[in-house]
$ cat upload.txt   # compact mmCIF, C-alpha atoms
# COMPACT_ATOMS: atom_id res chain seq x y z
CA MET A 19 0.00 0.00 0.00
CA THR A 20 3.01 2.18 -0.19
CA ASP A 21 1.11 4.50 -2.37
CA PRO A 22 -0.44 9.27 -2.63
CA GLY A 23 -2.04 23.19 -13.24
CA THR A 24 1.31 24.71 -13.73
CA PRO A 25 4.41 22.53 -13.57
CA ARG A 26 6.46 23.11 -10.43
CA THR A 27 9.68 21.91 -8.85
CA ASP A 28 9.77 20.57 -5.32
CA ALA A 29 8.62 23.62 -3.41
CA GLY A 30 11.49 25.41 -1.83
CA VAL A 31 14.18 22.78 -2.38
CA THR A 32 16.48 23.02 -5.37
CA SER A 33 15.20 20.75 -8.13
CA ARG A 34 17.55 17.80 -8.50
CA SER A 35 18.18 15.43 -11.34
CA THR A 36 20.25 12.41 -10.37
CA SER A 37 21.64 9.99 -12.91
CA VAL A 38 22.19 6.43 -11.75
CA THR A 39 23.02 3.20 -13.51
CA SER A 40 21.01 0.04 -12.96
CA ARG A 41 22.06 -3.17 -14.72
CA SER A 42 23.74 -1.27 -17.55
CA THR A 43 20.68 0.92 -18.09
CA SER A 44 21.08 4.64 -17.41
CA VAL A 45 18.16 6.11 -15.51
CA THR A 46 17.43 9.58 -14.14
CA VAL A 47 15.54 10.56 -11.00
CA ARG A 48 14.05 14.05 -11.11
CA SER A 49 11.33 16.14 -9.57
CA ALA A 50 7.95 15.52 -11.17
CA THR A 51 5.70 18.05 -12.84
CA THR A 52 2.01 17.74 -13.57
CA ALA A 53 2.99 16.83 -17.14
CA ASP A 54 4.09 13.47 -15.69
CA ALA A 55 0.55 12.71 -14.48
CA PRO A 56 -0.48 10.43 -17.40
CA ALA A 57 2.64 8.30 -17.01
CA CYS A 58 2.23 8.08 -13.22
CA ALA A 59 -1.46 7.19 -13.59
CA ALA A 60 -0.58 4.42 -16.05
CA ILE A 61 2.04 2.99 -13.65
CA TYR A 62 -0.37 3.11 -10.71
CA ALA A 63 -3.51 1.70 -12.38
CA PRO A 64 -2.44 -1.99 -12.42
CA TYR A 65 -1.71 -1.81 -8.68
CA VAL A 66 -5.26 -0.57 -8.11
CA ILE A 67 -6.99 -3.08 -10.37
CA GLY A 68 -4.86 -6.19 -9.98
CA THR A 69 -3.40 -6.13 -6.47
CA THR A 70 -4.14 -5.37 -2.84
CA ILE A 71 -0.99 -3.24 -2.53
CA THR A 72 -3.16 -0.13 -2.55
CA PHE A 73 -6.62 0.09 -1.02
CA GLU A 74 -7.95 2.25 -3.83
CA THR A 75 -10.38 0.38 -6.06
CA VAL A 76 -10.81 2.86 -8.94
CA PRO A 77 -7.66 4.07 -10.73
CA PRO A 78 -7.27 7.87 -10.67
CA THR A 79 -7.48 9.67 -13.98
CA PRO A 80 -4.47 11.62 -15.27
CA GLU A 81 -6.26 14.79 -14.18
CA GLN A 82 -6.72 13.46 -10.66
CA MET A 83 -3.10 12.31 -10.59
CA ALA A 84 -1.99 15.81 -11.61
CA VAL A 85 -3.78 17.21 -8.56
CA ARG A 86 -2.00 14.68 -6.33
CA ILE A 87 1.37 15.62 -7.81
CA GLU A 88 0.67 19.31 -7.30
CA GLU A 89 -0.36 18.75 -3.68
CA SER A 90 2.70 16.59 -2.96
CA LEU A 91 5.08 19.16 -4.45
CA ASN A 92 3.53 21.81 -2.24
CA GLY A 93 5.63 21.04 0.82
CA TYR A 94 6.68 17.42 0.31
CA ALA A 95 8.15 15.84 -2.83
CA TRP A 96 7.16 13.80 -5.87
CA LEU A 97 9.94 12.23 -7.91
CA VAL A 98 9.88 10.27 -11.15
CA LEU A 99 12.40 7.81 -12.51
CA GLU A 100 13.07 7.97 -16.24
CA ARG A 101 14.67 5.30 -18.37
CA SER A 102 15.58 6.35 -21.90
CA GLY A 103 13.33 9.38 -21.47
CA GLN A 104 10.29 7.36 -20.36
CA VAL A 105 8.83 7.58 -16.84
CA VAL A 106 8.92 4.06 -15.38
CA GLY A 107 8.48 4.74 -11.67
CA TYR A 108 7.69 7.35 -9.05
CA ALA A 109 8.02 8.01 -5.35
CA CYS A 110 6.17 10.61 -3.33
CA ALA A 111 5.46 11.86 0.15
CA HIS A 112 2.36 13.40 1.63
CA ARG A 113 0.80 14.37 4.93
CA PHE A 114 0.79 11.55 7.47
CA ALA A 115 -2.30 12.74 9.39
CA GLU A 116 -4.41 15.89 9.60
CA ARG A 117 -3.83 17.09 13.18
CA ALA A 118 -1.31 19.92 13.52
CA ALA A 119 1.09 18.04 15.81
CA TYR A 120 1.70 15.47 13.04
CA ALA A 121 3.19 18.15 10.76
CA TRP A 122 6.79 16.87 11.03
CA SER A 123 5.82 13.34 9.97
CA CYS A 124 5.08 12.22 6.41
CA GLU A 125 4.00 9.09 4.57
CA THR A 126 5.96 7.79 1.58
CA SER A 127 5.03 5.63 -1.40
CA ILE A 128 6.84 4.04 -4.34
CA TYR A 129 5.37 2.53 -7.50
CA VAL A 130 7.39 1.21 -10.44
CA HIS A 131 6.61 -0.36 -13.80
CA PRO A 132 6.85 -4.20 -13.75
CA GLU A 133 9.73 -4.07 -16.25
CA VAL A 134 12.00 -2.29 -13.76
CA ARG A 135 11.10 -4.19 -10.59
CA GLY A 136 14.16 -5.66 -8.94
CA ARG A 137 16.49 -3.48 -11.02
CA GLY A 138 17.26 -0.77 -8.51
CA ALA A 139 14.39 1.58 -9.38
CA GLY A 140 13.02 1.71 -5.85
CA ARG A 141 16.52 2.14 -4.43
CA ALA A 142 17.25 5.06 -6.77
CA LEU A 143 13.96 6.76 -5.88
CA TYR A 144 14.31 6.40 -2.10
CA THR A 145 17.99 7.41 -2.22
CA THR A 146 16.83 10.76 -3.61
CA LEU A 147 13.50 11.18 -1.81
CA LEU A 148 14.50 10.67 1.82
CA PRO A 149 17.24 13.35 1.91
CA ILE A 150 14.83 15.87 0.36
CA LEU A 151 12.33 15.22 3.14
CA ALA A 152 15.06 15.59 5.76
CA GLU A 153 16.20 18.89 4.20
CA ARG A 154 12.68 20.21 4.50
CA GLY A 155 12.64 19.52 8.21
CA TYR A 156 10.55 16.36 8.41
CA ARG A 157 11.60 14.17 11.33
CA ARG A 158 9.98 10.85 10.52
CA ALA A 159 8.76 8.96 7.46
CA TYR A 160 6.10 6.25 7.58
CA ALA A 161 4.98 3.60 5.12
CA GLY A 162 1.87 1.44 5.26
CA ILE A 163 2.41 -1.91 3.54
CA THR A 164 -0.42 -4.36 2.87
CA GLN A 165 0.56 -7.85 4.01
CA PRO A 166 2.07 -9.97 2.65
CA ASN A 167 4.49 -7.95 0.50
CA GLU A 168 8.04 -9.17 1.05
CA PRO A 169 9.67 -7.08 -1.72
CA SER A 170 8.30 -3.84 -0.26
CA MET A 171 9.17 -4.88 3.29
CA ALA A 172 12.70 -5.70 2.16
CA ILE A 173 13.42 -2.41 0.41
CA HIS A 174 12.06 -0.43 3.34
CA ALA A 175 14.22 -2.43 5.75
CA ARG A 176 17.22 -1.69 3.52
CA PHE A 177 16.57 2.01 4.01
CA GLY A 178 16.27 1.76 7.77
CA PHE A 179 12.49 1.53 8.17
CA GLU A 180 11.39 -0.53 11.16
CA THR A 181 8.01 -2.16 11.73
CA VAL A 182 6.20 -0.36 14.53
CA GLY A 183 2.82 -2.08 14.35
CA VAL A 184 0.26 -3.97 12.30
CA PHE A 185 -3.35 -2.97 11.71
CA ARG A 186 -5.19 -6.30 11.63
CA GLN A 187 -7.92 -6.86 9.03
CA VAL A 188 -8.13 -3.12 8.47
CA GLY A 189 -9.10 -3.26 4.79
CA TRP A 190 -11.47 -5.31 2.62
CA LYS A 191 -10.45 -5.82 -1.00
CA ASP A 192 -10.65 -8.65 -3.51
CA GLY A 193 -12.99 -10.59 -1.24
CA ARG A 194 -10.79 -10.73 1.85
CA TRP A 195 -9.70 -8.83 4.92
CA LEU A 196 -6.18 -7.45 4.79
CA ASP A 197 -3.56 -6.48 7.35
CA VAL A 198 -1.35 -3.41 6.97
CA ALA A 199 2.10 -3.20 8.57
CA TRP A 200 3.27 0.28 9.51
CA LEU A 201 6.96 1.07 9.20
CA GLN A 202 8.84 4.10 10.52
CA ARG A 203 12.19 5.70 9.75
CA ASP A 204 13.87 8.63 11.47
CA LEU A 205 14.97 11.19 8.89
CA VAL A 206 17.34 13.09 11.20
CA ALA A 207 20.40 11.27 12.52
CA GLY A 208 20.89 11.64 16.25
CA ASP A 209 17.46 13.16 16.80
CA ARG A 210 17.29 13.60 20.58
CA GLY A 211 13.77 14.94 20.74
CA GLU A 212 14.62 18.64 20.58
CA PRO A 213 11.89 21.04 19.37
CA PRO A 214 11.46 20.88 15.59
CA ALA A 215 12.46 23.71 13.31
CA GLU A 216 9.95 25.27 10.94
CA LEU A 217 9.33 23.14 7.85
CA ARG A 218 10.83 24.38 4.60
$ encode --input "upload.txt" --output "structure tokens"
Amino acid sequence: MTDPGTPRTDAGVTSRSTSVTSRSTSVTVRSATTADAPACAAIYAPYVIGTTITFETVPPTPEQMAVRIEESLNGYAWLVLERSGQVVGYACAHRFAERAAYAWSCETSIYVHPEVRGRGAGRALYTTLLPILAERGYRRAYAGITQPNEPSMAIHARFGFETVGVFRQVGWKDGRWLDVAWLQRDLVAGDRGEPPAELR
């Protein structure tokens, strides 16, 4: 379930474009714009229709995805991974919960095209996304992962996420009740609980 107008960069943080190499294929991670909405919607739709990874049951339209991208860029981050100029994956962050005291926490999601699964796409996206969130002042990142999902659990563990709880039978999809594991990662090394700075 690690899921979230005018093109924008990631609100207040210098737009970054990072080139990485994955199994001899050059890929680029960059900040998304709303022009990437159709590609992101196409990547996400099979997860909605054919899996329980996300609890959505109707795929968002490109227009709806553009709104999500815009909202994520306004204070968080939405990144896309390109291979040979084609968007084949994305990672984003959004508000963890509505109450004001949650402001320094965020929820992250990654979705990649089946062709690039297991080829370092998720690693490249998280390697870029998590430092951006830390730069903005967020203290903790969370991910909700429908169980079972060993690949997603493994990549999150690789990036220092730890399981902090499981919501039992919290969602009904595809004719069954589903559990969701919640994982947490500190974004600031050596965080000793001091008052948080203003978010950037």
$ closest_residue --input "upload.txt" --among "A:Glu74, A:Glu168, A:Glu88, A:Asp204" --to "Thr51 (chain A)" --atoms "all atoms listed in the file"
A:Glu88
$ closest_residue --input "upload.txt" --among "A:Pro64, A:Gly93, A:Pro214, A:Pro78" --to "Arg154 (chain A)" --atoms "only C-alpha atoms"
A:Gly93
$ atom_distance --input "upload.txt" --atom1 "CA of Pro169 (chain A)" --atom2 "CA of Trp122 (chain A)"
27.3 Å
$ residues_near_point --input "upload.txt" --point "(13.3, 0.4, 4.7)" --cutoff "9 Å" --atoms "all atoms listed in the file" --output "PDB file with C-alpha atoms, in the frame of the given file"
ATOM      1  CA  ALA A 161       4.980   3.600   5.120  1.00  0.00           C
ATOM      2  CA  SER A 170       8.300  -3.840  -0.260  1.00  0.00           C
ATOM      3  CA  MET A 171       9.170  -4.880   3.290  1.00  0.00           C
ATOM      4  CA  ALA A 172      12.700  -5.700   2.160  1.00  0.00           C
ATOM      5  CA  ILE A 173      13.420  -2.410   0.410  1.00  0.00           C
ATOM      6  CA  HIS A 174      12.060  -0.430   3.340  1.00  0.00           C
ATOM      7  CA  ALA A 175      14.220  -2.430   5.750  1.00  0.00           C
ATOM      8  CA  ARG A 176      17.220  -1.690   3.520  1.00  0.00           C
ATOM      9  CA  PHE A 177      16.570   2.010   4.010  1.00  0.00           C
ATOM     10  CA  GLY A 178      16.270   1.760   7.770  1.00  0.00           C
ATOM     11  CA  PHE A 179      12.490   1.530   8.170  1.00  0.00           C
ATOM     12  CA  GLU A 180      11.390  -0.530  11.160  1.00  0.00           C
ATOM     13  CA  LEU A 201       6.960   1.070   9.200  1.00  0.00           C
ATOM     14  CA  GLN A 202       8.840   4.100  10.520  1.00  0.00           C
ATOM     15  CA  ARG A 203      12.190   5.700   9.750  1.00  0.00           C
TER      16      ARG A 203
END
$ axis_aligned_box --input "upload.txt" --around "region 66-70 of chain A" --padding-each-side "3 Å" --output "lines of an AutoDock Vina configuration file"
center_x = -5.2
center_y = -3.4
center_z = -6.6
size_x = 9.6
size_y = 11.6
size_z = 13.5
